[in-house]
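So this block is work-v8.json, JSON, C-alpha atoms and all ligand atoms:
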[["chain", "number", "residue", "atom", "x", "y", "z"],
["A", 513, "MET", "CA", 9.65, 62.83, 7.96],
["A", 514, "ALA", "CA", 7.24, 61.60, 10.61],
["A", 515, "ILE", "CA", 3.59, 62.57, 10.20],
["A", 516, "ALA", "CA", 1.33, 63.25, 13.20],
["A", 517, "PHE", "CA", -2.03, 61.50, 13.30],
["A", 518, "THR", "CA", -5.05, 61.15, 15.57],
["A", 519, "LYS", "CA", -7.19, 58.02, 15.83],
["A", 520, "TYR", "CA", -10.95, 58.56, 16.10],
["A", 521, "HIS", "CA", -13.90, 56.23, 15.90],
["A", 522, "GLY", "CA", -17.62, 56.58, 15.31],
["A", 523, "LEU", "CA", -19.28, 53.60, 17.04],
["A", 524, "GLY", "CA", -16.16, 51.50, 16.47],
["A", 525, "ASN", "CA", -15.83, 52.44, 12.78],
["A", 526, "ASP", "CA", -12.27, 53.70, 13.19],
["A", 527, "PHE", "CA", -10.17, 56.17, 11.24],
["A", 528, "ILE", "CA", -6.71, 57.71, 11.19],
["A", 529, "LEU", "CA", -7.15, 61.52, 10.88],
["A", 530, "ILE", "CA", -4.44, 63.62, 9.29],
["A", 531, "ASP", "CA", -4.04, 67.40, 9.38],
["A", 532, "ASN", "CA", -3.69, 68.15, 5.68],
["A", 533, "ARG", "CA", -4.55, 71.87, 5.84],
["A", 534, "ALA", "CA", -1.22, 72.94, 4.30],
["A", 535, "ALA", "CA", -1.64, 71.05, 0.99],
["A", 536, "THR", "CA", -4.37, 70.29, -1.51],
["A", 537, "GLU", "CA", -3.28, 66.67, -2.10],
["A", 538, "PRO", "CA", -3.33, 63.96, 0.63],
["A", 539, "ARG", "CA", -0.03, 63.60, 2.49],
["A", 540, "LEU", "CA", -0.20, 59.80, 2.16],
["A", 541, "THR", "CA", -0.50, 57.63, -0.94],
["A", 542, "PRO", "CA", -3.17, 54.92, -1.14],
["A", 543, "GLU", "CA", -0.36, 52.37, -0.62],
["A", 544, "ASP", "CA", 0.69, 54.18, 2.60],
["A", 545, "ALA", "CA", -2.93, 54.08, 3.74],
["A", 546, "VAL", "CA", -3.05, 50.29, 3.32],
["A", 547, "GLN", "CA", 0.03, 49.94, 5.57],
["A", 548, "TRP", "CA", -1.12, 52.47, 8.17],
["A", 549, "CYS", "CA", -4.55, 50.75, 8.42],
["A", 550, "ASP", "CA", -3.08, 47.26, 8.90],
["A", 551, "ARG", "CA", -4.11, 46.06, 12.38],
["A", 552, "HIS", "CA", -0.99, 43.92, 12.86],
["A", 553, "PHE", "CA", 1.77, 45.69, 10.94],
["A", 554, "GLY", "CA", 0.47, 49.27, 11.18],
["A", 555, "ILE", "CA", -1.72, 51.52, 13.36],
["A", 556, "GLY", "CA", -4.99, 49.78, 12.52],
["A", 557, "ALA", "CA", -8.10, 51.44, 11.06],
["A", 558, "ASP", "CA", -10.99, 51.06, 8.63],
["A", 559, "GLY", "CA", -9.66, 54.06, 6.67],
["A", 560, "VAL", "CA", -7.51, 57.21, 6.60],
["A", 561, "ILE", "CA", -9.18, 60.64, 6.46],
["A", 562, "PHE", "CA", -7.48, 63.87, 5.37],
["A", 563, "ALA", "CA", -8.61, 67.37, 6.46],
["A", 564, "LEU", "CA", -7.72, 69.46, 3.40],
["A", 565, "PRO", "CA", -8.36, 73.14, 2.58],
["A", 566, "GLY", "CA", -11.92, 73.95, 1.54],
["A", 567, "GLN", "CA", -12.99, 74.57, -2.05],
["A", 568, "ASN", "CA", -16.08, 76.15, -3.67],
["A", 569, "GLY", "CA", -16.67, 78.23, -0.53],
["A", 570, "THR", "CA", -16.52, 75.34, 1.95],
["A", 571, "ASP", "CA", -14.53, 75.33, 5.21],
["A", 572, "TYR", "CA", -12.67, 72.09, 4.52],
["A", 573, "THR", "CA", -12.37, 69.25, 2.04],
["A", 574, "MET", "CA", -12.56, 65.65, 3.25],
["A", 575, "ARG", "CA", -10.80, 62.88, 1.37],
["A", 576, "ILE", "CA", -10.72, 59.28, 2.54],
["A", 577, "PHE", "CA", -8.89, 56.11, 1.60],
["A", 578, "ASN", "CA", -10.40, 52.75, 2.57],
["A", 579, "ASN", "CA", -8.05, 50.23, 4.17],
["A", 580, "ASP", "CA", -7.62, 48.53, 0.78],
["A", 581, "GLY", "CA", -6.36, 51.83, -0.74],
["A", 582, "SER", "CA", -9.53, 52.60, -2.74],
["A", 583, "GLU", "CA", -11.09, 56.06, -2.45],
["A", 584, "PRO", "CA", -14.79, 56.36, -1.56],
["A", 585, "GLU", "CA", -16.75, 59.54, -2.29],
["A", 586, "MET", "CA", -18.27, 59.88, 1.18],
["A", 587, "CYS", "CA", -18.11, 58.53, 4.70],
["A", 588, "GLY", "CA", -20.81, 59.24, 7.29],
["A", 589, "ASN", "CA", -19.07, 58.07, 10.48],
["A", 590, "GLY", "CA", -15.83, 59.52, 9.18],
["A", 591, "ILE", "CA", -17.26, 63.00, 8.70],
["A", 592, "ARG", "CA", -18.43, 63.06, 12.35],
["A", 593, "CYS", "CA", -14.84, 62.19, 13.33],
["A", 594, "LEU", "CA", -13.53, 64.88, 10.96],
["A", 595, "ALA", "CA", -15.82, 67.50, 12.56],
["A", 596, "LYS", "CA", -14.40, 66.72, 16.04],
["A", 597, "PHE", "CA", -10.85, 66.64, 14.68],
["A", 598, "ILE", "CA", -11.03, 70.06, 13.04],
["A", 599, "ALA", "CA", -12.82, 71.58, 16.06],
["A", 600, "GLU", "CA", -9.87, 70.41, 18.14],
["A", 601, "LEU", "CA", -7.35, 71.78, 15.60],
["A", 602, "GLU", "CA", -9.15, 75.14, 15.69],
["A", 603, "GLY", "CA", -9.70, 75.12, 19.47],
["A", 604, "ILE", "CA", -13.49, 75.36, 19.08],
["A", 605, "THR", "CA", -15.63, 74.00, 21.91],
["A", 606, "GLU", "CA", -18.96, 75.71, 21.17],
["A", 607, "PRO", "CA", -21.68, 74.18, 18.97],
["A", 608, "HIS", "CA", -20.53, 74.81, 15.40],
["A", 609, "ALA", "CA", -21.45, 73.69, 11.86],
["A", 610, "TYR", "CA", -18.83, 73.06, 9.17],
["A", 611, "LYS", "CA", -19.35, 73.06, 5.40],
["A", 612, "ILE", "CA", -17.31, 70.14, 4.06],
["A", 613, "HIS", "CA", -16.58, 69.47, 0.40],
["A", 614, "THR", "CA", -16.50, 65.73, -0.41],
["A", 615, "LEU", "CA", -16.36, 63.79, -3.68],
["A", 616, "GLY", "CA", -20.03, 63.00, -2.90],
["A", 617, "GLY", "CA", -21.01, 66.69, -2.64],
["A", 618, "LEU", "CA", -21.43, 69.28, 0.14],
["A", 619, "ILE", "CA", -21.93, 67.72, 3.59],
["A", 620, "THR", "CA", -22.59, 69.74, 6.77],
["A", 621, "PRO", "CA", -21.71, 68.22, 10.16],
["A", 622, "LYS", "CA", -22.76, 70.17, 13.26],
["A", 623, "LEU", "CA", -21.18, 69.73, 16.69],
["A", 624, "GLU", "CA", -24.01, 69.81, 19.24],
["A", 625, "ALA", "CA", -23.86, 71.07, 22.84],
["A", 626, "ASP", "CA", -24.20, 67.48, 24.13],
["A", 627, "GLY", "CA", -21.07, 66.35, 22.26],
["A", 628, "LEU", "CA", -22.92, 64.42, 19.56],
["A", 629, "ILE", "CA", -22.68, 65.41, 15.90],
["A", 630, "THR", "CA", -25.65, 65.85, 13.57],
["A", 631, "VAL", "CA", -24.76, 65.61, 9.91],
["A", 632, "ASP", "CA", -26.81, 67.00, 7.05],
["A", 633, "MET", "CA", -26.08, 64.11, 4.69],
["A", 634, "GLY", "CA", -27.88, 65.61, 1.69],
["A", 635, "GLU", "CA", -30.48, 63.96, -0.52],
["A", 636, "PRO", "CA", -30.44, 60.26, -1.41],
["A", 637, "ARG", "CA", -30.10, 59.37, -5.09],
["A", 638, "LEU", "CA", -32.17, 56.44, -6.26],
["A", 639, "LEU", "CA", -31.93, 56.00, -10.03],
["A", 640, "ALA", "CA", -29.98, 52.98, -11.25],
["A", 641, "ALA", "CA", -27.57, 55.20, -13.22],
["A", 642, "ASP", "CA", -26.79, 57.13, -10.02],
["A", 643, "ILE", "CA", -26.15, 54.09, -7.79],
["A", 644, "PRO", "CA", -24.56, 52.98, -10.19],
["A", 645, "THR", "CA", -25.98, 49.59, -11.12],
["A", 646, "THR", "CA", -27.07, 47.77, -14.26],
["A", 647, "LEU", "CA", -29.71, 45.85, -12.28],
["A", 648, "THR", "CA", -32.50, 47.78, -14.02],
["A", 649, "ALA", "CA", -32.88, 50.50, -16.69],
["A", 650, "PRO", "CA", -30.72, 53.60, -15.92],
["A", 651, "THR", "CA", -33.68, 55.91, -15.17],
["A", 652, "GLU", "CA", -35.51, 53.46, -12.89],
["A", 653, "LYS", "CA", -35.25, 52.97, -9.12],
["A", 654, "VAL", "CA", -33.97, 49.69, -7.76],
["A", 655, "VAL", "CA", -36.57, 48.71, -5.17],
["A", 656, "ASN", "CA", -37.13, 45.11, -4.09],
["A", 657, "GLN", "CA", -35.34, 43.67, -7.14],
["A", 658, "SER", "CA", -34.06, 40.09, -7.36],
["A", 659, "LEU", "CA", -30.29, 39.62, -7.28],
["A", 660, "GLU", "CA", -28.54, 36.27, -7.40],
["A", 661, "VAL", "CA", -25.56, 36.04, -5.01],
["A", 662, "ALA", "CA", -23.86, 32.91, -3.69],
["A", 663, "GLY", "CA", -26.59, 30.63, -5.04],
["A", 664, "THR", "CA", -29.41, 32.54, -3.31],
["A", 665, "THR", "CA", -31.89, 35.04, -4.74],
["A", 666, "TRP", "CA", -31.97, 38.17, -2.57],
["A", 667, "GLN", "CA", -34.52, 41.01, -2.78],
["A", 668, "VAL", "CA", -32.41, 44.16, -2.88],
["A", 669, "THR", "CA", -32.97, 47.94, -2.82],
["A", 670, "CYS", "CA", -30.19, 50.32, -3.87],
["A", 671, "VAL", "CA", -29.51, 53.83, -2.56],
["A", 672, "ASN", "CA", -26.63, 56.25, -3.23],
["A", 673, "MET", "CA", -25.72, 58.44, -0.23],
["A", 674, "GLY", "CA", -22.67, 59.89, -1.97],
["A", 675, "ASN", "CA", -21.42, 56.30, -2.04],
["A", 676, "PRO", "CA", -23.31, 53.23, -3.31],
["A", 677, "HIS", "CA", -25.36, 50.89, -1.10],
["A", 678, "CYS", "CA", -27.32, 47.66, -1.64],
["A", 679, "ILE", "CA", -29.83, 46.82, 1.12],
["A", 680, "THR", "CA", -31.53, 43.51, 1.88],
["A", 681, "PHE", "CA", -34.21, 43.02, 4.55],
["A", 682, "VAL", "CA", -33.91, 39.78, 6.49],
["A", 683, "ASP", "CA", -35.66, 38.17, 9.49],
["A", 684, "ASP", "CA", -32.47, 37.74, 11.54],
["A", 685, "VAL", "CA", -29.27, 39.69, 10.80],
["A", 686, "ALA", "CA", -27.28, 37.41, 13.12],
["A", 687, "ALA", "CA", -27.95, 34.46, 10.78],
["A", 688, "ILE", "CA", -26.41, 36.12, 7.70],
["A", 689, "PRO", "CA", -22.98, 34.64, 6.77],
["A", 690, "LEU", "CA", -21.50, 38.09, 6.08],
["A", 691, "GLU", "CA", -17.88, 36.82, 6.08],
["A", 692, "THR", "CA", -18.55, 34.62, 3.07],
["A", 693, "ILE", "CA", -21.17, 36.50, 1.05],
["A", 694, "GLY", "CA", -20.09, 40.12, 1.72],
["A", 695, "SER", "CA", -17.38, 40.30, -0.90],
["A", 696, "GLN", "CA", -19.61, 38.52, -3.44],
["A", 697, "PHE", "CA", -22.10, 41.38, -3.17],
["A", 698, "GLU", "CA", -19.26, 43.95, -3.17],
["A", 699, "CYS", "CA", -17.76, 42.64, -6.41],
["A", 700, "HIS", "CA", -20.96, 41.60, -8.22],
["A", 701, "PRO", "CA", -20.75, 42.60, -11.91],
["A", 702, "VAL", "CA", -24.06, 44.56, -11.75],
["A", 703, "PHE", "CA", -22.21, 47.17, -9.60],
["A", 704, "PRO", "CA", -19.54, 48.87, -11.76],
["A", 705, "LYS", "CA", -18.17, 50.90, -8.79],
["A", 706, "LYS", "CA", -18.61, 47.94, -6.41],
["A", 707, "ILE", "CA", -21.07, 48.31, -3.51],
["A", 708, "ASN", "CA", -21.50, 48.64, 0.25],
["A", 709, "THR", "CA", -23.89, 45.94, 1.48],
["A", 710, "GLU", "CA", -26.32, 46.20, 4.39],
["A", 711, "PHE", "CA", -28.55, 43.52, 5.92],
["A", 712, "ILE", "CA", -31.45, 44.95, 7.89],
["A", 713, "GLN", "CA", -33.79, 43.43, 10.42],
["A", 714, "VAL", "CA", -36.86, 45.56, 11.09],
["A", 715, "VAL", "CA", -37.43, 45.35, 14.87],
["A", 716, "ARG", "CA", -40.10, 48.08, 14.84],
["A", 717, "SER", "CA", -41.06, 50.74, 12.30],
["A", 718, "ASP", "CA", -38.75, 53.11, 14.23],
["A", 719, "TYR", "CA", -35.93, 50.64, 15.06],
["A", 720, "LEU", "CA", -33.69, 48.80, 12.60],
["A", 721, "LYS", "CA", -30.87, 46.34, 13.30],
["A", 722, "MET", "CA", -28.07, 46.45, 10.73],
["A", 723, "ARG", "CA", -24.96, 44.52, 9.77],
["A", 724, "VAL", "CA", -22.67, 45.83, 7.06],
["A", 725, "TRP", "CA", -20.00, 44.70, 4.61],
["A", 726, "GLU", "CA", -18.20, 47.81, 3.39],
["A", 727, "ARG", "CA", -16.68, 48.24, -0.03],
["A", 728, "GLY", "CA", -12.92, 48.36, 0.40],
["A", 729, "ALA", "CA", -13.01, 47.62, 4.13],
["A", 730, "GLY", "CA", -15.06, 44.45, 4.75],
["A", 731, "ILE", "CA", -17.03, 43.94, 7.98],
["A", 732, "THR", "CA", -17.06, 47.09, 10.12],
["A", 733, "LEU", "CA", -18.79, 47.91, 13.42],
["A", 734, "ALA", "CA", -20.77, 50.79, 11.93],
["A", 735, "CYS", "CA", -21.45, 52.68, 8.71],
["A", 736, "GLY", "CA", -23.14, 56.07, 8.72],
["A", 737, "THR", "CA", -23.93, 56.32, 5.02],
["A", 738, "GLY", "CA", -25.17, 52.71, 5.24],
["A", 739, "ALA", "CA", -27.53, 53.50, 8.12],
["A", 740, "CYS", "CA", -28.99, 56.42, 6.12],
["A", 741, "ALA", "CA", -29.29, 54.35, 2.93],
["A", 742, "SER", "CA", -30.97, 51.52, 4.87],
["A", 743, "MET", "CA", -33.67, 53.72, 6.36],
["A", 744, "VAL", "CA", -34.38, 55.18, 2.91],
["A", 745, "ALA", "CA", -34.69, 51.62, 1.61],
["A", 746, "GLY", "CA", -37.02, 50.86, 4.52],
["A", 747, "VAL", "CA", -39.26, 53.81, 3.63],
["A", 748, "LEU", "CA", -39.29, 52.86, -0.08],
["A", 749, "ASN", "CA", -40.39, 49.34, 0.88],
["A", 750, "GLY", "CA", -43.00, 50.50, 3.44],
["A", 751, "LYS", "CA", -41.07, 48.89, 6.30],
["A", 752, "CYS", "CA", -40.20, 51.89, 8.50],
["A", 753, "GLY", "CA", -40.95, 55.52, 9.18],
["A", 754, "ARG", "CA", -38.78, 58.58, 8.55],
["A", 755, "HIS", "CA", -37.40, 58.82, 12.10],
["A", 756, "VAL", "CA", -35.51, 55.69, 13.08],
["A", 757, "THR", "CA", -32.87, 54.38, 15.46],
["A", 758, "VAL", "CA", -30.39, 52.12, 13.68],
["A", 759, "GLU", "CA", -28.61, 49.58, 15.88],
["A", 760, "LEU", "CA", -25.18, 48.67, 14.53],
["A", 761, "PRO", "CA", -22.68, 46.26, 16.10],
["A", 762, "GLY", "CA", -20.85, 49.33, 17.52],
["A", 763, "GLY", "CA", -23.90, 51.20, 18.85],
["A", 764, "LEU", "CA", -26.83, 53.42, 17.88],
["A", 765, "LEU", "CA", -27.39, 56.12, 15.24],
["A", 766, "GLN", "CA", -30.46, 58.34, 14.94],
["A", 767, "ILE", "CA", -31.56, 58.96, 11.37],
["A", 768, "GLU", "CA", -34.23, 61.33, 10.06],
["A", 769, "TRP", "CA", -35.33, 61.68, 6.43],
["A", 770, "SER", "CA", -36.96, 65.12, 6.27],
["A", 771, "GLU", "CA", -40.14, 65.33, 4.25],
["A", 772, "ALA", "CA", -39.68, 69.12, 4.02],
["A", 773, "ASP", "CA", -36.30, 69.14, 2.24],
["A", 774, "ASN", "CA", -35.75, 65.46, 1.25],
["A", 775, "ARG", "CA", -32.42, 65.47, 3.15],
["A", 776, "LEU", "CA", -31.06, 62.90, 5.58],
["A", 777, "TYR", "CA", -29.97, 63.97, 9.09],
["A", 778, "MET", "CA", -27.77, 61.56, 11.02],
["A", 779, "THR", "CA", -26.91, 62.00, 14.70],
["A", 780, "GLY", "CA", -24.26, 60.03, 16.55],
["A", 781, "PRO", "CA", -21.00, 60.16, 18.50],
["A", 782, "ALA", "CA", -17.34, 60.46, 17.51],
["A", 783, "GLU", "CA", -14.56, 59.82, 20.00],
["A", 784, "LYS", "CA", -10.84, 60.41, 20.04],
["A", 785, "ALA", "CA", -8.85, 57.26, 20.85],
["A", 786, "PHE", "CA", -5.20, 58.42, 20.79],
["A", 787, "THR", "CA", -2.59, 60.49, 18.97],
["A", 788, "GLY", "CA", 0.78, 59.48, 17.58],
["A", 789, "THR", "CA", 3.35, 59.94, 14.83],
["A", 790, "ARG", "CA", 4.50, 57.56, 12.12],
["B", 1, "LIG", "O1", -18.08, 53.56, 0.19],
["B", 1, "LIG", "C1", -17.12, 52.99, 0.70],
["B", 1, "LIG", "O2", -16.19, 52.52, 0.01],
["B", 1, "LIG", "C2", -17.08, 52.88, 2.24],
["B", 1, "LIG", "N1", -16.13, 51.88, 2.67],
["B", 1, "LIG", "C3", -16.73, 54.23, 2.76],
["B", 1, "LIG", "C4", -16.82, 54.34, 4.24],
["B", 1, "LIG", "C5", -18.27, 54.47, 4.70],
["B", 1, "LIG", "C6", -18.34, 54.64, 6.19],
["B", 1, "LIG", "N2", -18.27, 53.44, 6.93],
["B", 1, "LIG", "C7", -19.55, 55.43, 6.65],
["B", 1, "LIG", "O3", -19.73, 55.54, 7.87],
["B", 1, "LIG", "O4", -20.29, 56.00, 5.86],
["B", 1, "LIG", "C8", -17.20, 55.36, 6.68]]
Give the structure from this file in structure tokens form.
Ligand code: ZDP
Amino acid sequence: MAIAFTKYHGLGNDFILIDNRAATEPRLTPEDAVQWCDRHFGIGADGVIFALPGQNGTDYTMRIFNNDGSEPEMCGNGIRCLAKFIAELEGITEPHAYKIHTLGGLITPKLEADGLITVDMGEPRLLAADIPTTLTAPTEKVVNQSLEVAGTTWQVTCVNMGNPHCITFVDDVAAIPLETIGSQFECHPVFPKKINTEFIQVVRSDYLKMRVWERGAGITLACGTGACASMVAGVLNGKCGRHVTVELPGGLLQIEWSEADNRLYMTGPAEKAFTGTR
């Protein structure tokens, strides 16, 4: 039977959204997701996102498959897309906040009057055991640690935003050979759950330029959890403040790390591209 879908993107990080409100398990298998995400033989996307019934008192549950069929815990750009998708399903046009259960914990996206979405992304986790990584002792943070990848020693900082991230500050993001080194970071043995990898150029203390290699998806135009993780890494290394604009290949995200509650707030767009059935 054909399944209806809607394509959305957040700054060019694109997803196939599926109305999964009638069942507690995703309507597609990971293998289906790989085929649907194929840009030549399928619909084309960085991942598939399912809007499932809520649990533990939440409005909805979000599950996501990467375009390689793996399942990440969280997805920052994706949850902005999910918020717009469910508002459309429910016919809601007013500003509205949703409580979303994810494998990375409770996340709260809020549709704003101007059409943007602000997401309460929760608190970052910093201990090596929580990343997870074996780069240092389990109860220590991984800040400015040496990591050997592709014959070069990189200074990395690791942050978990529901999903794992490894951040490296560089002088010029354009000069980084992401196509060749990205997967070597992703699959490095010090990261037992693999890793999302961000390269950050500090333009000003309130403006970062980022390029990303995503676990399970490769180079993408934007990564919301990655933008949050990168600004946390910037603060830990004394390179930026707690209110920053992050410039990604697909556009800009505003990120705030609140001193009052230790939570990250990410603001950015999500746009519908088209609907279809497959
Ligand atoms: O952690 C992972 O495996 C990522 N590929 C998940 C997707 C992250 C995302 N790009 C984001 O915006 O946070 C969707």
Inset, instruction - Kindly work out which residues sit at most 10 Å from ligand LIG 1 (chain B), using only C-alpha atoms and all ligand atoms, and give the list as a PyMOL selection string. - result: chain A and resi 521-527+558-561+576-593+672-677+698+705-709+724-741
Generate the output file for the selected residues, C-alpha atoms, as an mmCIF file, keeping the file's coordinate frame.
data_model
loop_
_atom_site.group_PDB
_atom_site.id
_atom_site.type_symbol
_atom_site.label_atom_id
_atom_site.label_comp_id
_atom_site.auth_asym_id
_atom_site.auth_seq_id
_atom_site.Cartn_x
_atom_site.Cartn_y
_atom_site.Cartn_z
ATOM 1 C CA HIS A 521 -13.900 56.230 15.900
ATOM 2 C CA GLY A 522 -17.620 56.580 15.310
ATOM 3 C CA LEU A 523 -19.280 53.600 17.040
ATOM 4 C CA GLY A 524 -16.160 51.500 16.470
ATOM 5 C CA ASN A 525 -15.830 52.440 12.780
ATOM 6 C CA ASP A 526 -12.270 53.700 13.190
ATOM 7 C CA PHE A 527 -10.170 56.170 11.240
ATOM 8 C CA ASP A 558 -10.990 51.060 8.630
ATOM 9 C CA GLY A 559 -9.660 54.060 6.670
ATOM 10 C CA VAL A 560 -7.510 57.210 6.600
ATOM 11 C CA ILE A 561 -9.180 60.640 6.460
ATOM 12 C CA ILE A 576 -10.720 59.280 2.540
ATOM 13 C CA PHE A 577 -8.890 56.110 1.600
ATOM 14 C CA ASN A 578 -10.400 52.750 2.570
ATOM 15 C CA ASN A 579 -8.050 50.230 4.170
ATOM 16 C CA ASP A 580 -7.620 48.530 0.780
ATOM 17 C CA GLY A 581 -6.360 51.830 -0.740
ATOM 18 C CA SER A 582 -9.530 52.600 -2.740
ATOM 19 C CA GLU A 583 -11.090 56.060 -2.450
ATOM 20 C CA PRO A 584 -14.790 56.360 -1.560
ATOM 21 C CA GLU A 585 -16.750 59.540 -2.290
ATOM 22 C CA MET A 586 -18.270 59.880 1.180
ATOM 23 C CA CYS A 587 -18.110 58.530 4.700
ATOM 24 C CA GLY A 588 -20.810 59.240 7.290
ATOM 25 C CA ASN A 589 -19.070 58.070 10.480
ATOM 26 C CA GLY A 590 -15.830 59.520 9.180
ATOM 27 C CA ILE A 591 -17.260 63.000 8.700
ATOM 28 C CA ARG A 592 -18.430 63.060 12.350
ATOM 29 C CA CYS A 593 -14.840 62.190 13.330
ATOM 30 C CA ASN A 672 -26.630 56.250 -3.230
ATOM 31 C CA MET A 673 -25.720 58.440 -0.230
ATOM 32 C CA GLY A 674 -22.670 59.890 -1.970
ATOM 33 C CA ASN A 675 -21.420 56.300 -2.040
ATOM 34 C CA PRO A 676 -23.310 53.230 -3.310
ATOM 35 C CA HIS A 677 -25.360 50.890 -1.100
ATOM 36 C CA GLU A 698 -19.260 43.950 -3.170
ATOM 37 C CA LYS A 705 -18.170 50.900 -8.790
ATOM 38 C CA LYS A 706 -18.610 47.940 -6.410
ATOM 39 C CA ILE A 707 -21.070 48.310 -3.510
ATOM 40 C CA ASN A 708 -21.500 48.640 0.250
ATOM 41 C CA THR A 709 -23.890 45.940 1.480
ATOM 42 C CA VAL A 724 -22.670 45.830 7.060
ATOM 43 C CA TRP A 725 -20.000 44.700 4.610
ATOM 44 C CA GLU A 726 -18.200 47.810 3.390
ATOM 45 C CA ARG A 727 -16.680 48.240 -0.030
ATOM 46 C CA GLY A 728 -12.920 48.360 0.400
ATOM 47 C CA ALA A 729 -13.010 47.620 4.130
ATOM 48 C CA GLY A 730 -15.060 44.450 4.750
ATOM 49 C CA ILE A 731 -17.030 43.940 7.980
ATOM 50 C CA THR A 732 -17.060 47.090 10.120
ATOM 51 C CA LEU A 733 -18.790 47.910 13.420
ATOM 52 C CA ALA A 734 -20.770 50.790 11.930
ATOM 53 C CA CYS A 735 -21.450 52.680 8.710
ATOM 54 C CA GLY A 736 -23.140 56.070 8.720
ATOM 55 C CA THR A 737 -23.930 56.320 5.020
ATOM 56 C CA GLY A 738 -25.170 52.710 5.240
ATOM 57 C CA ALA A 739 -27.530 53.500 8.120
ATOM 58 C CA CYS A 740 -28.990 56.420 6.120
ATOM 59 C CA ALA A 741 -29.290 54.350 2.930
#
Legend entry - Residues within 9 Å of Val654 of chain A, all atoms listed in the file, excluding chain neighbours under 6 positions, as a VMD selection string: chain A and resid 638 to 640 643 645 647 to 648 668 to 671
Mind dumping the selected residues with C-alpha atoms as a compact mmCIF listing (two decimals), in the coordinates of the input?
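Dumped to selection16.txt:
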# COMPACT_ATOMS: atom_id res chain seq x y z
CA LEU A 638 -32.17 56.44 -6.26
CA LEU A 639 -31.93 56.00 -10.03
CA ALA A 640 -29.98 52.98 -11.25
CA ILE A 643 -26.15 54.09 -7.79
CA THR A 645 -25.98 49.59 -11.12
CA LEU A 647 -29.71 45.85 -12.28
CA THR A 648 -32.50 47.78 -14.02
CA VAL A 668 -32.41 44.16 -2.88
CA THR A 669 -32.97 47.94 -2.82
CA CYS A 670 -30.19 50.32 -3.87
CA VAL A 671 -29.51 53.83 -2.56
Legend entry - Spatial sel., origin (-3.5, 55.4, 8.1), limit 12 Å, only C-alpha atoms, listed as JSON, numbers by chain: {"A": [515, 516, 517, 518, 519, 520, 526, 527, 528, 529, 530, 538, 539, 540, 541, 542, 543, 544, 545, 546, 547, 548, 549, 550, 551, 553, 554, 555, 556, 557, 558, 559, 560, 561, 562, 576, 577, 578, 579, 580, 581, 788, 789, 790]}
File of the preceding selection, C-alpha atoms, as a JSON list (two decimals), in the frame of the given file:
[["chain", "number", "residue", "atom", "x", "y", "z"],
["A", 515, "ILE", "CA", 3.59, 62.57, 10.20],
["A", 516, "ALA", "CA", 1.33, 63.25, 13.20],
["A", 517, "PHE", "CA", -2.03, 61.50, 13.30],
["A", 518, "THR", "CA", -5.05, 61.15, 15.57],
["A", 519, "LYS", "CA", -7.19, 58.02, 15.83],
["A", 520, "TYR", "CA", -10.95, 58.56, 16.10],
["A", 526, "ASP", "CA", -12.27, 53.70, 13.19],
["A", 527, "PHE", "CA", -10.17, 56.17, 11.24],
["A", 528, "ILE", "CA", -6.71, 57.71, 11.19],
["A", 529, "LEU", "CA", -7.15, 61.52, 10.88],
["A", 530, "ILE", "CA", -4.44, 63.62, 9.29],
["A", 538, "PRO", "CA", -3.33, 63.96, 0.63],
["A", 539, "ARG", "CA", -0.03, 63.60, 2.49],
["A", 540, "LEU", "CA", -0.20, 59.80, 2.16],
["A", 541, "THR", "CA", -0.50, 57.63, -0.94],
["A", 542, "PRO", "CA", -3.17, 54.92, -1.14],
["A", 543, "GLU", "CA", -0.36, 52.37, -0.62],
["A", 544, "ASP", "CA", 0.69, 54.18, 2.60],
["A", 545, "ALA", "CA", -2.93, 54.08, 3.74],
["A", 546, "VAL", "CA", -3.05, 50.29, 3.32],
["A", 547, "GLN", "CA", 0.03, 49.94, 5.57],
["A", 548, "TRP", "CA", -1.12, 52.47, 8.17],
["A", 549, "CYS", "CA", -4.55, 50.75, 8.42],
["A", 550, "ASP", "CA", -3.08, 47.26, 8.90],
["A", 551, "ARG", "CA", -4.11, 46.06, 12.38],
["A", 553, "PHE", "CA", 1.77, 45.69, 10.94],
["A", 554, "GLY", "CA", 0.47, 49.27, 11.18],
["A", 555, "ILE", "CA", -1.72, 51.52, 13.36],
["A", 556, "GLY", "CA", -4.99, 49.78, 12.52],
["A", 557, "ALA", "CA", -8.10, 51.44, 11.06],
["A", 558, "ASP", "CA", -10.99, 51.06, 8.63],
["A", 559, "GLY", "CA", -9.66, 54.06, 6.67],
["A", 560, "VAL", "CA", -7.51, 57.21, 6.60],
["A", 561, "ILE", "CA", -9.18, 60.64, 6.46],
["A", 562, "PHE", "CA", -7.48, 63.87, 5.37],
["A", 576, "ILE", "CA", -10.72, 59.28, 2.54],
["A", 577, "PHE", "CA", -8.89, 56.11, 1.60],
["A", 578, "ASN", "CA", -10.40, 52.75, 2.57],
["A", 579, "ASN", "CA", -8.05, 50.23, 4.17],
["A", 580, "ASP", "CA", -7.62, 48.53, 0.78],
["A", 581, "GLY", "CA", -6.36, 51.83, -0.74],
["A", 788, "GLY", "CA", 0.78, 59.48, 17.58],
["A", 789, "THR", "CA", 3.35, 59.94, 14.83],
["A", 790, "ARG", "CA", 4.50, 57.56, 12.12]]
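For the pair atom CA of Leu776 of chain A and atom CA of Val747 of chain A, the separation is 12.4 Å.
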Legend entry - Separation of atom CA of Asp632 of chain A from atom CA of Gln713 of chain A in Å: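 Rounded to one decimal, the two atoms are 24.8 Å apart.
Closest approach to Lys784 of chain A among A:Leu594, A:Met743, A:Cys752, A:Leu618: A:Leu594, based on all atoms listed in the file.
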Legend entry - Coordinates-based distance that separates atom CA of Arg533 of chain A from atom CA of Gly634 of chain A (Å, one decimal): 24.5 Å
